[in-house]
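Before any comments, here is the structure.
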Amino acid sequence: MDYFLSDEQKMIVDIARKIAQEKIVPVRKELDEKEEFPHEIIKEIARADLFALFVPEEYGGLGGRIFDVCLAVEELSKGCLGVATSYAASGLGFLPIIISGSEEQKKKYLSDLASGKKLAAFGLTEPDAGSDASAIRTSAVLDGDEYVLNGTKQWISNGGEADIYTIFAMTDKTKGARGASTFIVEKGTPGFSFGKKEEKLGIRASVTRELIFENCRIPRENLISREGMGFIIAMRTLDKARPAVGAQAVGVAQAALDESIKFAKTRHQFGVSISSFQSIQHMLADMATQIEAARALVYAAAKMIDSGAKEISAASSMAKLFASDVAMKVTIDAVQIFGGYGYMREYPVEKMMRDAKITQIYEGTNQIQRNIIASHLLKSA
Amino acid sequence: MRQILSQFGTDCDSGAAPRTMENWYEHREMIEINIVVCIKQVPGTTEIKIDPQTNTLIREGIESIINPFDTYAVEEAVRIKERIAQQSKEGFSGPESKVIAITMGPPQAENILREAISVGVDIGVLLSDRALAGADTLATSFTLAKAIRKLEREFGKISLILCGRQTLDGDTGQVGPELAQQLNLPCLGYVIEVMEIDNKYFKLKRLMEDRYEVFRVPLPAVISVSKGINEPRVPSLRGAMRAKSAPITVWRVSDLDVKSEEVGLSGSATQVIKVFSPHIERQSEIFTGDVDTQVEKLTQKLQSLGVV
């Protein structure tokens with residue numbers, strides 16, 4: 001399908017595709033097996049200016065359009081969802097600064113994001129606060145000109161590798177969700193350490209760690225916006241970031257379909273290629289149709305966000321929800337088309353299936369996405 | 001700053017005229033190296049067609065790519081420029097080194113110059129003229145040498161000329177060394193590592209069949225690079241945008257200090273009169289049966305042929 005991309009958008013696709021094909025695909029199996037963070041590939045992504053896509057031009061970026069980010073994420077995800085996660089998670093970590101940061105904070109941090117010199121991470125989830133983000137326990141207490149942070153964040157993508165962390169902590173526990181605030185914490189700050197590296201089902205090239213705050217003192221000016229704005233900043237950030245999860249899903253699904261077509265044409269059974277069987281043909285047709293529908297929804301949501309529209313929650317959730325469900329279904333079907341080969345680690349589709357699962361879980365489970373969509377429907381009816 | 005002072009101190013120790021902080025800039029030798037990288041467009045296919053009349057490659061209708069061996073030369077040229085900028089960052093600023101990519105070919109060869117610009121080359125120069133067609137390596141290196149002389153007049157001294165090891169289509173590996181001869185410059189082939197960079201010399205490691213050799217090569221010089229010297233980068237988005245609109249300088253025969261009989265087919269000392277794949281006759285026979293039977297049959301056959 002033709003989405004009438006501009007010349008610049010075609011360049012984004014070309015460059016991200018080149019990185020995926022030339023730099024990611026040859027090493028993705030090894031990265032997955034060794035659970036290695038892709039330092040060299042991240043450098044390549046940075047050098048290609050792809051991190052600049054997150055950042056507005058006035059802060060050294062190339063526009064800060066979600067649609068452009070989605071194009072890059074989709075292509076990188078065709079190579080490896082773990083690598084794409086490391087890229088997208090950095091953008092997610094910086095988004096609170098882009099959305100609600102002060103002029104000084106933007107000037108201080110965003111040029112390093114745009115150049116890819118520094119990675120970021122988004123620290124919201126805690127052991128007892130997943131879908132219920134208002135239940136976070138990490139606290140921040142103002143003491144003179146400093147906030148003192150205490151608590152633990154869990155399952156933080158880019159944890160340990162990132163230099164800049166946007167951390168959500170309670171400044172007033174009595175106010176519930178309205179008592180949360182957002183802070184910028186730099187790696188190396190005394191009292192800020194990392195827990196164990198998690199072992200995961202998929203996206204094993206990405207790194208997931210605990211963040212531990214023990215009387216970690218940060219300057220008062222590292223507060224983003226005002227006290228009590230944390231929950232609103234988190235929701236605005238996730239509203240903007242979700243289409244990129246949809247783009248990850250579209251990318252991994254497309255890669256699984258491409259592999260399936262290639263395999264179906266070369267695999268012979270009963271004396272003919274399995275692509276001549278209608279059962280296989282129909283599976284491929286369904287996979288392609290679902291992927292295209294997911295892509296159209298992701299692109300539409302991203303463009304709506306870039307237009308400056310205010311009510312973006314439902315569209316953004318629909319894009320993430322639909323695309324990630326498609327990715328799971330398509331990658332399972334890909335393994336089925338490959339049959340026994342699909343179950344073997346020598347072939348790439350089992351990894352895609354393991355990787356795809358996360359898109360239904362992170363940045364809000366698909367159950368939470370349905371809650372968001374439903375609440376929008378019922379509120380506006 | 002410490003580094004600057006120690007440099008300053010060393011100079012004093014060596015008996016040079018005393019320098020003050022105010023004038024050290026003038027006394028520090030800036031590394032300023034303009035680099036020319038010679039590239040060629042080759043057919044992006046394994047089905048190479050030869051014109052039966054001229055015995056040269058038919059390029060029409062075939063997608064062209066930058067000669068893969070040349071991508072390493074382009075990458076190394078850009079890396080050398082970046083290293084110089086890095087060295088300058090330590091406190092010295094000066095005129096930036098430029099990387100100029102030059103190619104000889106039909107008008108559409110402009111595309112590979114844009115590709116080179118997208119990965120960091122500053123200027124693209126295309127030598128394109130019907131009169132240049134059909135050139136052998138001698139006429140090619142002669143034309144390139146003339147163009148490089150002209151580049152020097154326009155952009156300043158050229159200190160380094162980089163070439164790929166060979167092309168994918170012609171496969172001769174001659175143009176680099178011939179170019180050095182035409183320009184009367186030292187030439188080092190198969191370079192695998194640029195070890196040191198200075199205004200006056202480069203320390204280079206080259207890869208031979210069974211060993212490495214390290215050379216100190218005075219500048220200016222011509223070097224050709226081996227495949228393993230680097231891993232070419234993917235273009236950057238800003239680079240791709242710049243490449244799209246970058247002006248490409250096109251020089252015709254009349255722009256160069258040459259006579260038309262010195263270039264192209266008429267300036268060539270050699271002419272390929274026939275290109276063909278050698279015909280190899282191979283007789284094969286496949287033995288069937290279980291392993292013992294196959295071994296038995298093979299032994300008999302080899303004995304009957306007098307091999308064993």
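Residue numbering restarts at 1 for every chain of the structure tokens, chains are lettered A, B, ... in their displayed order, and ligands are numbered from 1 as they appear.
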Exercise. As number ranges by chain, which residues of segment 56-266 of chain A does DSSP assign to alpha helix (DSSP H)?
Worked result: A: 66-79, 81-100, 103-115, 230-266
For this session: Show me which bits of chain A are within 7 Å of chain B, counting only C-alpha atoms, as a PyMOL selection string.
Result: chain A and resi 11-12+15+18-19+47-49
Once you have the residues from the selection above, write them out as an mmCIF file, in the first residue's frame, restricted to all heavy atoms.
data_model
loop_
_atom_site.group_PDB
_atom_site.id
_atom_site.type_symbol
_atom_site.label_atom_id
_atom_site.label_comp_id
_atom_site.auth_asym_id
_atom_site.auth_seq_id
_atom_site.Cartn_x
_atom_site.Cartn_y
_atom_site.Cartn_z
ATOM 1 N N MET A 11 13.599 8.801 2.907
ATOM 2 C CA MET A 11 15.002 8.695 3.341
ATOM 3 C C MET A 11 15.088 8.017 4.705
ATOM 4 O O MET A 11 15.971 7.198 4.947
ATOM 5 C CB MET A 11 15.628 10.089 3.474
ATOM 6 C CG MET A 11 16.004 10.726 2.171
ATOM 7 S SD MET A 11 16.668 12.381 2.513
ATOM 8 C CE MET A 11 16.563 13.078 0.884
ATOM 9 N N ILE A 12 14.154 8.383 5.606
ATOM 10 C CA ILE A 12 14.140 7.766 6.944
ATOM 11 C C ILE A 12 13.983 6.252 6.796
ATOM 12 O O ILE A 12 14.719 5.474 7.401
ATOM 13 C CB ILE A 12 12.978 8.335 7.802
ATOM 14 C CG1 ILE A 12 13.203 9.821 8.083
ATOM 15 C CG2 ILE A 12 12.832 7.558 9.112
ATOM 16 C CD1 ILE A 12 12.006 10.530 8.702
ATOM 17 N N ILE A 15 17.182 4.591 5.262
ATOM 18 C CA ILE A 15 18.321 4.533 6.175
ATOM 19 C C ILE A 15 18.076 3.510 7.281
ATOM 20 O O ILE A 15 18.936 2.676 7.574
ATOM 21 C CB ILE A 15 18.622 5.938 6.744
ATOM 22 C CG1 ILE A 15 19.228 6.806 5.629
ATOM 23 C CG2 ILE A 15 19.544 5.873 7.949
ATOM 24 C CD1 ILE A 15 19.341 8.259 5.961
ATOM 25 N N LYS A 18 18.384 0.080 5.861
ATOM 26 C CA LYS A 18 19.791 -0.271 5.635
ATOM 27 C C LYS A 18 20.453 -0.724 6.931
ATOM 28 O O LYS A 18 21.196 -1.708 6.956
ATOM 29 C CB LYS A 18 20.541 0.965 5.098
ATOM 30 C CG LYS A 18 21.044 0.762 3.693
ATOM 31 C CD LYS A 18 21.916 1.895 3.246
ATOM 32 C CE LYS A 18 22.833 1.295 2.214
ATOM 33 N NZ LYS A 18 23.420 2.116 1.291
ATOM 34 N N ILE A 19 20.168 0.008 8.010
ATOM 35 C CA ILE A 19 20.744 -0.376 9.308
ATOM 36 C C ILE A 19 20.225 -1.754 9.698
ATOM 37 O O ILE A 19 20.991 -2.618 10.142
ATOM 38 C CB ILE A 19 20.402 0.675 10.391
ATOM 39 C CG1 ILE A 19 21.128 1.987 10.088
ATOM 40 C CG2 ILE A 19 20.786 0.166 11.785
ATOM 41 C CD1 ILE A 19 20.782 3.126 11.018
ATOM 42 N N ARG A 47 24.587 7.769 14.673
ATOM 43 C CA ARG A 47 25.337 8.425 13.604
ATOM 44 C C ARG A 47 24.440 8.701 12.394
ATOM 45 O O ARG A 47 24.654 9.659 11.663
ATOM 46 C CB ARG A 47 26.524 7.537 13.206
ATOM 47 C CG ARG A 47 27.600 8.264 12.470
ATOM 48 C CD ARG A 47 28.922 7.563 12.560
ATOM 49 N NE ARG A 47 28.827 6.192 12.076
ATOM 50 C CZ ARG A 47 29.860 5.361 12.001
ATOM 51 N NH1 ARG A 47 31.046 5.753 12.392
ATOM 52 N NH2 ARG A 47 29.714 4.144 11.557
ATOM 53 N N ALA A 48 23.436 7.863 12.227
ATOM 54 C CA ALA A 48 22.514 8.040 11.089
ATOM 55 C C ALA A 48 21.452 9.099 11.390
ATOM 56 O O ALA A 48 20.543 9.302 10.591
ATOM 57 C CB ALA A 48 21.864 6.710 10.739
ATOM 58 N N ASP A 49 21.536 9.757 12.547
ATOM 59 C CA ASP A 49 20.615 10.840 12.938
ATOM 60 C C ASP A 49 19.222 10.360 13.314
ATOM 61 O O ASP A 49 18.292 11.170 13.380
ATOM 62 C CB ASP A 49 20.453 11.894 11.816
ATOM 63 C CG ASP A 49 21.744 12.650 11.534
ATOM 64 O OD1 ASP A 49 22.498 12.879 12.498
ATOM 65 O OD2 ASP A 49 21.980 13.010 10.373
#
Exercise. What's the 10 Å shell around segment 245-256 of chain B, counting only C-alpha atoms, without same-chain residues fewer than 3 positions away, as number ranges by chain?
Worked result: B: 102-104, 107, 110-111, 113-114, 117-118, 122-132, 143-144, 146-150, 239-242, 259-260, 263-264
For this session: Quick one: pull the distance between atom CA of Glu30 of chain A and atom CA of Ala84 of chain A, Å, one decimal.
Result: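 Going from atom CA of Glu30 of chain A over to atom CA of Ala84 of chain A, I get 15.8 Å.
Each of A:Phe168, A:Trp155, A:Tyr109, A:Tyr59 was checked against Ser206 of chain A using only C-alpha atoms; the smallest atom-to-atom distance is that of A:Trp155.
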Contacts of Ile291 of chain A at 8 Å or less, counting only C-alpha atoms, minus same-chain residues fewer than 3 places along, as a PDB file with N, CA, C and O atoms, in the first residue's frame?
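Final file, around_5.pdb:
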ATOM      1  N   VAL A 250       4.054  -3.728  13.965  1.00  0.00           N
ATOM      2  CA  VAL A 250       3.912  -3.820  12.507  1.00  0.00           C
ATOM      3  C   VAL A 250       5.229  -4.316  11.894  1.00  0.00           C
ATOM      4  O   VAL A 250       5.233  -5.181  11.016  1.00  0.00           O
ATOM      5  N   ALA A 253       5.854  -8.048  12.652  1.00  0.00           N
ATOM      6  CA  ALA A 253       4.876  -8.855  11.917  1.00  0.00           C
ATOM      7  C   ALA A 253       5.239  -8.914  10.434  1.00  0.00           C
ATOM      8  O   ALA A 253       5.184  -9.976   9.806  1.00  0.00           O
ATOM      9  N   GLN A 254       5.629  -7.780   9.880  1.00  0.00           N
ATOM     10  CA  GLN A 254       5.993  -7.739   8.455  1.00  0.00           C
ATOM     11  C   GLN A 254       7.212  -8.630   8.197  1.00  0.00           C
ATOM     12  O   GLN A 254       7.263  -9.347   7.199  1.00  0.00           O
ATOM     13  N   MET A 287      -2.533 -12.751   6.996  1.00  0.00           N
ATOM     14  CA  MET A 287      -1.424 -12.070   7.679  1.00  0.00           C
ATOM     15  C   MET A 287      -1.174 -10.707   7.034  1.00  0.00           C
ATOM     16  O   MET A 287      -1.076  -9.679   7.714  1.00  0.00           O
ATOM     17  N   ALA A 288      -1.094 -10.688   5.698  1.00  0.00           N
ATOM     18  CA  ALA A 288      -0.796  -9.446   4.977  1.00  0.00           C
ATOM     19  C   ALA A 288      -1.895  -8.406   5.200  1.00  0.00           C
ATOM     20  O   ALA A 288      -1.616  -7.219   5.422  1.00  0.00           O
ATOM     21  N   ALA A 294      -3.166  -2.804  10.447  1.00  0.00           N
ATOM     22  CA  ALA A 294      -2.457  -2.314  11.635  1.00  0.00           C
ATOM     23  C   ALA A 294      -1.583  -1.113  11.274  1.00  0.00           C
ATOM     24  O   ALA A 294      -1.562  -0.096  11.977  1.00  0.00           O
ATOM     25  N   ARG A 295      -0.893  -1.230  10.133  1.00  0.00           N
ATOM     26  CA  ARG A 295      -0.010  -0.145   9.706  1.00  0.00           C
ATOM     27  C   ARG A 295      -0.823   1.129   9.458  1.00  0.00           C
ATOM     28  O   ARG A 295      -0.448   2.218   9.910  1.00  0.00           O
ATOM     29  N   ALA A 323      -2.338  -3.315  16.616  1.00  0.00           N
ATOM     30  CA  ALA A 323      -1.089  -3.734  15.972  1.00  0.00           C
ATOM     31  C   ALA A 323      -0.392  -4.829  16.773  1.00  0.00           C
ATOM     32  O   ALA A 323       0.157  -5.777  16.203  1.00  0.00           O
ATOM     33  N   VAL A 326      -2.157  -8.098  16.334  1.00  0.00           N
ATOM     34  CA  VAL A 326      -1.829  -8.602  14.993  1.00  0.00           C
ATOM     35  C   VAL A 326      -0.433  -9.228  14.992  1.00  0.00           C
ATOM     36  O   VAL A 326      -0.229 -10.318  14.462  1.00  0.00           O
ATOM     37  N   ALA A 327       0.508  -8.550  15.621  1.00  0.00           N
ATOM     38  CA  ALA A 327       1.892  -9.053  15.630  1.00  0.00           C
ATOM     39  C   ALA A 327       1.961 -10.433  16.270  1.00  0.00           C
ATOM     40  O   ALA A 327       2.660 -11.328  15.781  1.00  0.00           O
TER      41      ALA A 327
END
For this session: Can you pull out every residue within 7 Å of Arg354 of chain A, counting only C-alpha atoms, but drop anything in the same chain fewer than 3 positions away, and send it as a list of chain:residue names?
Result: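 In the requested form, the answer reads A:Leu201, A:Gly202, A:Glu350, A:Lys351, A:Lys357.
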Problem set entry | Length of the atom CA of Leu238 of chain A to atom CA of Ser375 of chain A vector [Å] | 16.2 Å
Non-local contacts of segment 139-148 of chain A (10 Å; only C-alpha atoms; under 4 positions in same chain excluded) as a PDB file with N, CA, C and O atoms, in the first residue's frame:
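What landed in around.pdb:
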ATOM      1  N   THR A 152      12.248   1.819  44.647  1.00  0.00           N
ATOM      2  CA  THR A 152      12.769   0.935  43.607  1.00  0.00           C
ATOM      3  C   THR A 152      11.855   0.923  42.391  1.00  0.00           C
ATOM      4  O   THR A 152      10.635   0.813  42.526  1.00  0.00           O
ATOM      5  N   PHE A 168       9.318   8.743  38.126  1.00  0.00           N
ATOM      6  CA  PHE A 168       8.052   9.171  38.719  1.00  0.00           C
ATOM      7  C   PHE A 168       8.065   8.785  40.188  1.00  0.00           C
ATOM      8  O   PHE A 168       8.302   7.624  40.528  1.00  0.00           O
ATOM      9  N   ALA A 169       7.839   9.783  41.052  1.00  0.00           N
ATOM     10  CA  ALA A 169       7.892   9.525  42.496  1.00  0.00           C
ATOM     11  C   ALA A 169       6.814  10.345  43.195  1.00  0.00           C
ATOM     12  O   ALA A 169       6.372  11.376  42.683  1.00  0.00           O
ATOM     13  N   MET A 170       6.402   9.862  44.389  1.00  0.00           N
ATOM     14  CA  MET A 170       5.352  10.552  45.148  1.00  0.00           C
ATOM     15  C   MET A 170       5.958  11.708  45.938  1.00  0.00           C
ATOM     16  O   MET A 170       6.882  11.521  46.710  1.00  0.00           O
ATOM     17  N   THR A 171       5.416  12.884  45.737  1.00  0.00           N
ATOM     18  CA  THR A 171       5.834  14.015  46.565  1.00  0.00           C
ATOM     19  C   THR A 171       4.804  14.263  47.666  1.00  0.00           C
ATOM     20  O   THR A 171       5.087  14.953  48.640  1.00  0.00           O
ATOM     21  N   ASP A 172       3.584  13.728  47.450  1.00  0.00           N
ATOM     22  CA  ASP A 172       2.560  13.841  48.496  1.00  0.00           C
ATOM     23  C   ASP A 172       1.680  12.587  48.456  1.00  0.00           C
ATOM     24  O   ASP A 172       0.780  12.472  47.609  1.00  0.00           O
ATOM     25  N   LYS A 173       1.967  11.649  49.364  1.00  0.00           N
ATOM     26  CA  LYS A 173       1.277  10.353  49.327  1.00  0.00           C
ATOM     27  C   LYS A 173      -0.209  10.491  49.622  1.00  0.00           C
ATOM     28  O   LYS A 173      -1.014   9.667  49.199  1.00  0.00           O
ATOM     29  N   GLY A 179      -0.519  13.165  43.711  1.00  0.00           N
ATOM     30  CA  GLY A 179       0.647  13.472  44.534  1.00  0.00           C
ATOM     31  C   GLY A 179       1.950  13.016  43.888  1.00  0.00           C
ATOM     32  O   GLY A 179       3.008  13.041  44.503  1.00  0.00           O
ATOM     33  N   ALA A 180       1.862  12.561  42.592  1.00  0.00           N
ATOM     34  CA  ALA A 180       3.064  12.079  41.904  1.00  0.00           C
ATOM     35  C   ALA A 180       3.743  13.211  41.148  1.00  0.00           C
ATOM     36  O   ALA A 180       3.080  14.130  40.653  1.00  0.00           O
ATOM     37  N   SER A 181       5.073  13.149  41.054  1.00  0.00           N
ATOM     38  CA  SER A 181       5.843  14.162  40.325  1.00  0.00           C
ATOM     39  C   SER A 181       6.912  13.474  39.476  1.00  0.00           C
ATOM     40  O   SER A 181       7.247  12.310  39.715  1.00  0.00           O
ATOM     41  N   THR A 182       7.447  14.206  38.503  1.00  0.00           N
ATOM     42  CA  THR A 182       8.427  13.635  37.578  1.00  0.00           C
ATOM     43  C   THR A 182       9.777  14.330  37.762  1.00  0.00           C
ATOM     44  O   THR A 182       9.826  15.567  37.837  1.00  0.00           O
ATOM     45  N   PHE A 183      10.840  13.518  37.809  1.00  0.00           N
ATOM     46  CA  PHE A 183      12.181  14.067  38.036  1.00  0.00           C
ATOM     47  C   PHE A 183      13.176  13.549  36.996  1.00  0.00           C
ATOM     48  O   PHE A 183      13.010  12.448  36.469  1.00  0.00           O
ATOM     49  N   GLY A 191      23.641   7.481  45.514  1.00  0.00           N
ATOM     50  CA  GLY A 191      22.368   6.959  46.021  1.00  0.00           C
ATOM     51  C   GLY A 191      21.506   6.340  44.941  1.00  0.00           C
ATOM     52  O   GLY A 191      20.433   5.817  45.217  1.00  0.00           O
ATOM     53  N   PHE A 213      16.885   3.639  44.429  1.00  0.00           N
ATOM     54  CA  PHE A 213      17.170   4.973  44.983  1.00  0.00           C
ATOM     55  C   PHE A 213      17.240   4.871  46.500  1.00  0.00           C
ATOM     56  O   PHE A 213      16.287   4.466  47.157  1.00  0.00           O
ATOM     57  N   GLU A 214      18.419   5.213  47.030  1.00  0.00           N
ATOM     58  CA  GLU A 214      18.604   5.195  48.483  1.00  0.00           C
ATOM     59  C   GLU A 214      19.142   6.543  48.904  1.00  0.00           C
ATOM     60  O   GLU A 214      20.312   6.855  48.688  1.00  0.00           O
ATOM     61  N   ASN A 215      18.263   7.362  49.448  1.00  0.00           N
ATOM     62  CA  ASN A 215      18.632   8.738  49.809  1.00  0.00           C
ATOM     63  C   ASN A 215      19.386   9.421  48.671  1.00  0.00           C
ATOM     64  O   ASN A 215      20.429  10.027  48.874  1.00  0.00           O
ATOM     65  N   CYS A 216      18.833   9.286  47.486  1.00  0.00           N
ATOM     66  CA  CYS A 216      19.458   9.875  46.297  1.00  0.00           C
ATOM     67  C   CYS A 216      19.041  11.343  46.204  1.00  0.00           C
ATOM     68  O   CYS A 216      17.855  11.653  46.071  1.00  0.00           O
ATOM     69  N   ARG A 217      20.039  12.235  46.302  1.00  0.00           N
ATOM     70  CA  ARG A 217      19.736  13.683  46.333  1.00  0.00           C
ATOM     71  C   ARG A 217      19.935  14.277  44.937  1.00  0.00           C
ATOM     72  O   ARG A 217      20.994  14.122  44.342  1.00  0.00           O
ATOM     73  N   ILE A 218      18.905  14.931  44.446  1.00  0.00           N
ATOM     74  CA  ILE A 218      19.001  15.578  43.135  1.00  0.00           C
ATOM     75  C   ILE A 218      18.603  17.051  43.269  1.00  0.00           C
ATOM     76  O   ILE A 218      17.816  17.403  44.156  1.00  0.00           O
ATOM     77  N   PRO A 219      19.162  17.914  42.424  1.00  0.00           N
ATOM     78  CA  PRO A 219      18.833  19.334  42.537  1.00  0.00           C
ATOM     79  C   PRO A 219      17.342  19.600  42.314  1.00  0.00           C
ATOM     80  O   PRO A 219      16.697  18.893  41.536  1.00  0.00           O
ATOM     81  N   ARG A 220      16.837  20.597  42.983  1.00  0.00           N
ATOM     82  CA  ARG A 220      15.419  20.944  42.892  1.00  0.00           C
ATOM     83  C   ARG A 220      15.005  21.229  41.440  1.00  0.00           C
ATOM     84  O   ARG A 220      13.888  20.927  41.044  1.00  0.00           O
ATOM     85  N   GLU A 221      15.940  21.807  40.661  1.00  0.00           N
ATOM     86  CA  GLU A 221      15.571  22.162  39.280  1.00  0.00           C
ATOM     87  C   GLU A 221      15.386  20.940  38.375  1.00  0.00           C
ATOM     88  O   GLU A 221      15.011  21.076  37.218  1.00  0.00           O
ATOM     89  N   ASN A 222      15.643  19.734  38.913  1.00  0.00           N
ATOM     90  CA  ASN A 222      15.405  18.524  38.113  1.00  0.00           C
ATOM     91  C   ASN A 222      13.946  18.060  38.142  1.00  0.00           C
ATOM     92  O   ASN A 222      13.590  17.079  37.508  1.00  0.00           O
ATOM     93  N   LEU A 223      13.114  18.782  38.880  1.00  0.00           N
ATOM     94  CA  LEU A 223      11.676  18.497  38.850  1.00  0.00           C
ATOM     95  C   LEU A 223      11.129  18.961  37.501  1.00  0.00           C
ATOM     96  O   LEU A 223      11.414  20.076  37.048  1.00  0.00           O
TER      97      LEU A 223
END
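Once Ser317 of chain A and its same-chain neighbours fewer than 2 positions away are set aside, A:Leu238, A:Asp239, A:Lys240, A:Ala241, A:Arg242, A:Pro243, A:Val245, A:Gly246, A:Val298, A:Ala301, A:Ile312, A:Ser313, A:Ala314, A:Ala315, A:Ala319, A:Lys320, A:Leu321, A:Phe322, A:Ala323, A:Glu363, A:Gly364, A:Asn366, A:Ile368, A:Gln369, A:Arg370, A:Asn371, A:Ile372, A:Ile373 remain within 10 Å of it when counting only C-alpha atoms.
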